[in-house]
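The structure appears below as structure tokens.
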Number of protein chains: 2
Amino acid sequence: MPKAFSDQGAAGWRADNAATKGPRLDLFRFVPFRLNRLATEVSAALSGEYQERYGLDIPEWRVLATLGFRDDACSAQYIAHCTRTHKSTISRAVTALMTRQLVERVENEDDRREFRLRMTRKGKALYEELIPRLRRKEQEILSCLSAQERKDFALVLGKIEKSLGLVQTSRDADKTGAY
Amino acid sequence: MPKAFSDQGAAGWRADNAATKGPRLDLFRFVPFRLNRLATEVSAALSGEYQERYGLDIPEWRVLATLGFRDDACSAQYIAHCTRTHKSTISRAVTALMTRQLVERVENEDDRREFRLRMTRKGKALYEELIPRLRRKEQEILSCLSAQERKDFALVLGKIEKSLGLVQTSRDADKTGAY
DNA sequence: CTAAGATAGTCGCATCTGCAACTATCTAAA
DNA sequence: TTTAGATAGTTGCAGATGCGACTATCTTAG
């Protein structure tokens with residue numbers, strides 16, 4: 001067991017002028033910090049599923065998730081926009097997924113700059129195996145909340161997302177083209 | 001104005017076997033994704049304050065925030081633990097802050113492996129200038145929520161943090177030594 | 001038709017950050 | 001006391017990712 005940090009106060013060492021006299025800010029009540037820390041922690045909790053088990057990193061998972069949810073194939077640019085991930089990151093993720101033959105791409109006859117992406121049979125199999133595991137993990141994380149709290153949480157997240165100009169659902173993005 | 005993605009559906013291109021037949025997952029309702037995206041976006045919204053204006057990155061800001069909130073000086077390790085940031089990251093942040101003379105360190109006579117860190121006068125001045133700006137930004141981001149929603153949100157965040165074993169407040173960490 | 005500007009995707013570069021090894025120091029047990 | 005193991009902090013290294021330049025292609029204005 002490591003030395004408890006509570007020992008620090010008892011050590012008698014104290015700098016009278018270490019802190020400020022003005023307003024302070026408790027990092028642990030500061031929402032941006034809390035969101036960052038929580039997102040990092042939740043990602044770490046999930047990484048066991050897609051990272052260790054299937055060798056996928058987050059951008060790769062986002063590509064599969066986008067392709068798996070939509071009925072039609074879509075471009076890398078579309079994935080980049082609606083997941084808010086840089087296009088170079090998506091490009092690398094797609095390359096990796098193609099190397100592993102989880103995703104394939106076909107030329108778009110209407111616009112030869114872009115490619116239509118879709119999962120291969122192998123990719124779909126992985127996707128279908130992965131989804132229930134991720135859902136379970138998500139439920140595990142949310143299991144500390146009541147049904148009402150989960151609803152509240154989803155609602156509040158939605159409001160903040162909306163006020164920051166983030167898309168709400170992929171169907172919205174389909175309909176409006178907003179991103 | 002860019003070509004709307006809604007055009008994609010109308011293009012007539014459709015892969016009948018692109019999607020899966022099993023359960024799908026809407027990324028935009030998936031809490032881990034939403035948290036990641038929200039944290040990224042909120043950080044970006046704040047970076048204008050501490051990054052562009054004061055040349056601080058996130059680890060450096062976390063060091064100042066921890067030092068500013070506590071009355072007594074503390075070790076780099078303490079900051080690493082309670083902000084959940086890797087000790088090497090904190091080490092580099094402290095080095096940068098010392099170079100800019102925003103933070104200074106003194107040897108701990110009781111344990112010569114560690115150093116006690118505290119802000120310099122210059123660091124405190126920056127901190128006091130920065131805090132109101134960050135508070136304002138946070139309030140801006142939360143302005144889309146009612147008072148009740150903010151309370152709910154804070155409560156829910158706290159519950160999830162607790163269930164993931166994250167500290168709740170720095171005072172808790174002081175008292176219990178838990179981190 | 002031509003030219004200018006926009007867009008899709010790729011890639012080199014720089015930065016950030018976690019990991020792990022390393023030094024110095026402390027602690028505990030033989 | 002001596003020695004093994006733990007801890008604080010630093011640093012080299014590698015992987016991830018954003019930025020910007022680049023090519024190829026499309027669109028639009030003249």
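We name chains A, B, ... following the order of the structure tokens; residues begin at 1 in each chain, and ligands are numbered from 1 as shown.
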8 Å contacts from chain D to chain B using only C-alpha atoms (C1' of nucleotides), as a list of chain:residue names
D:DA8, D:DG9, D:DT10
Please identify all residues of chain C having at least one atom at most 8 Å from any atom of chain A, considering only C-alpha atoms (C1' of nucleotides), and return them as number ranges by chain.
C: 8-10
Out of segment 40-134 of chain A, which residues get alpha helix (DSSP H) from DSSP, as a tab-separated table (two decimals) with C-alpha atoms, in the first residue's frame?
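So result_23.tsv came out as:
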```tsv
chain	number	residue	atom	x	y	z
A	40	THR	CA	-10.61	8.81	-20.80
A	41	GLU	CA	-11.70	6.39	-18.12
A	42	VAL	CA	-14.71	5.11	-20.03
A	43	SER	CA	-12.61	4.63	-23.16
A	44	ALA	CA	-10.08	2.69	-21.14
A	45	ALA	CA	-12.85	0.50	-19.76
A	46	LEU	CA	-14.09	-0.26	-23.28
A	47	SER	CA	-10.71	-0.69	-24.90
A	58	ILE	CA	-10.88	4.10	-31.64
A	59	PRO	CA	-10.84	5.53	-35.18
A	60	GLU	CA	-11.16	2.04	-36.65
A	61	TRP	CA	-14.05	1.29	-34.36
A	62	ARG	CA	-15.73	4.53	-35.43
A	63	VAL	CA	-15.44	3.57	-39.07
A	64	LEU	CA	-17.01	0.18	-38.45
A	65	ALA	CA	-19.70	1.68	-36.25
A	66	THR	CA	-20.68	4.17	-38.93
A	67	LEU	CA	-20.67	1.59	-41.69
A	68	GLY	CA	-22.59	-0.89	-39.57
A	69	PHE	CA	-25.35	1.49	-38.67
A	76	ALA	CA	-14.56	8.45	-45.74
A	77	GLN	CA	-15.39	12.12	-45.64
A	78	TYR	CA	-18.87	11.40	-44.41
A	79	ILE	CA	-17.48	9.29	-41.57
A	80	ALA	CA	-15.00	12.00	-40.71
A	81	HIS	CA	-17.71	14.64	-40.54
A	82	CYS	CA	-20.28	12.82	-38.52
A	83	THR	CA	-17.85	11.30	-36.03
A	87	LYS	CA	-10.03	13.01	-42.30
A	88	SER	CA	-6.40	11.92	-42.13
A	89	THR	CA	-7.20	9.83	-39.09
A	90	ILE	CA	-10.13	8.22	-40.87
A	91	SER	CA	-7.97	7.65	-43.94
A	92	ARG	CA	-5.44	5.72	-41.89
A	93	ALA	CA	-8.12	3.76	-40.12
A	94	VAL	CA	-9.68	2.76	-43.45
A	95	THR	CA	-6.29	1.69	-44.79
A	96	ALA	CA	-5.74	-0.49	-41.74
A	97	LEU	CA	-9.21	-2.01	-42.01
A	98	MET	CA	-8.73	-2.74	-45.70
A	99	THR	CA	-5.41	-4.42	-44.97
A	121	ARG	CA	-18.41	-10.30	-44.73
A	122	LYS	CA	-15.52	-10.68	-42.31
A	123	GLY	CA	-15.98	-7.12	-41.11
A	124	LYS	CA	-19.68	-7.66	-40.55
A	125	ALA	CA	-18.99	-10.79	-38.56
A	126	LEU	CA	-16.60	-8.90	-36.33
A	127	TYR	CA	-19.08	-6.05	-35.99
A	128	GLU	CA	-21.90	-8.34	-34.95
A	129	GLU	CA	-19.70	-10.05	-32.44
A	130	LEU	CA	-18.48	-6.76	-31.03
A	131	ILE	CA	-21.73	-4.85	-30.66
A	132	PRO	CA	-23.30	-6.91	-27.86
A	133	ARG	CA	-20.06	-6.77	-25.91
A	134	LEU	CA	-19.89	-2.99	-26.16
```
Contacts of DT27 of chain C at 10 Å or less, counting only C-alpha atoms (C1' of nucleotides), minus same-chain residues fewer than 5 places along, as a CSV table (one decimal) with C-alpha atoms (C1' of nucleotides), in the first residue's frame?
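Writing the result to part_6.csv gives the following:
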```csv
chain,number,residue,atom,x,y,z
D,5,DG,C1',11.8,-4.1,-2.9
D,6,DA,C1',9.1,0.2,-3.3
D,7,DT,C1',8.6,5.0,-4.7
```
Which parts of chain B does DSSP call strand (DSSP E) when run on the backbone here, written out as a count of residues only?
10
Could you work out how far atom CA of Asn36 of chain B lies from atom C1' of DT17 of chain D, giving the answer in Å with one decimal?
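The value is 14.8 Å.
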Give me, as a list of chain:residue names, all polymer residues having an atom no more than 9 Å from segment 13-21 of chain C, counting only C-alpha atoms (C1' of nucleotides) and skipping those fewer than 5 positions away in the same chain.
B:His86, B:Ser88, B:Thr89, D:DG12, D:DC13, D:DA14, D:DA16, D:DT17, D:DG18, D:DC19
Measure the distance from atom CA of Glu107 of chain B to atom C1' of DA4 of chain D in Å and round it to one decimal.
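Calculated distance between atom CA of Glu107 of chain B and atom C1' of DA4 of chain D is 26.5 Å.
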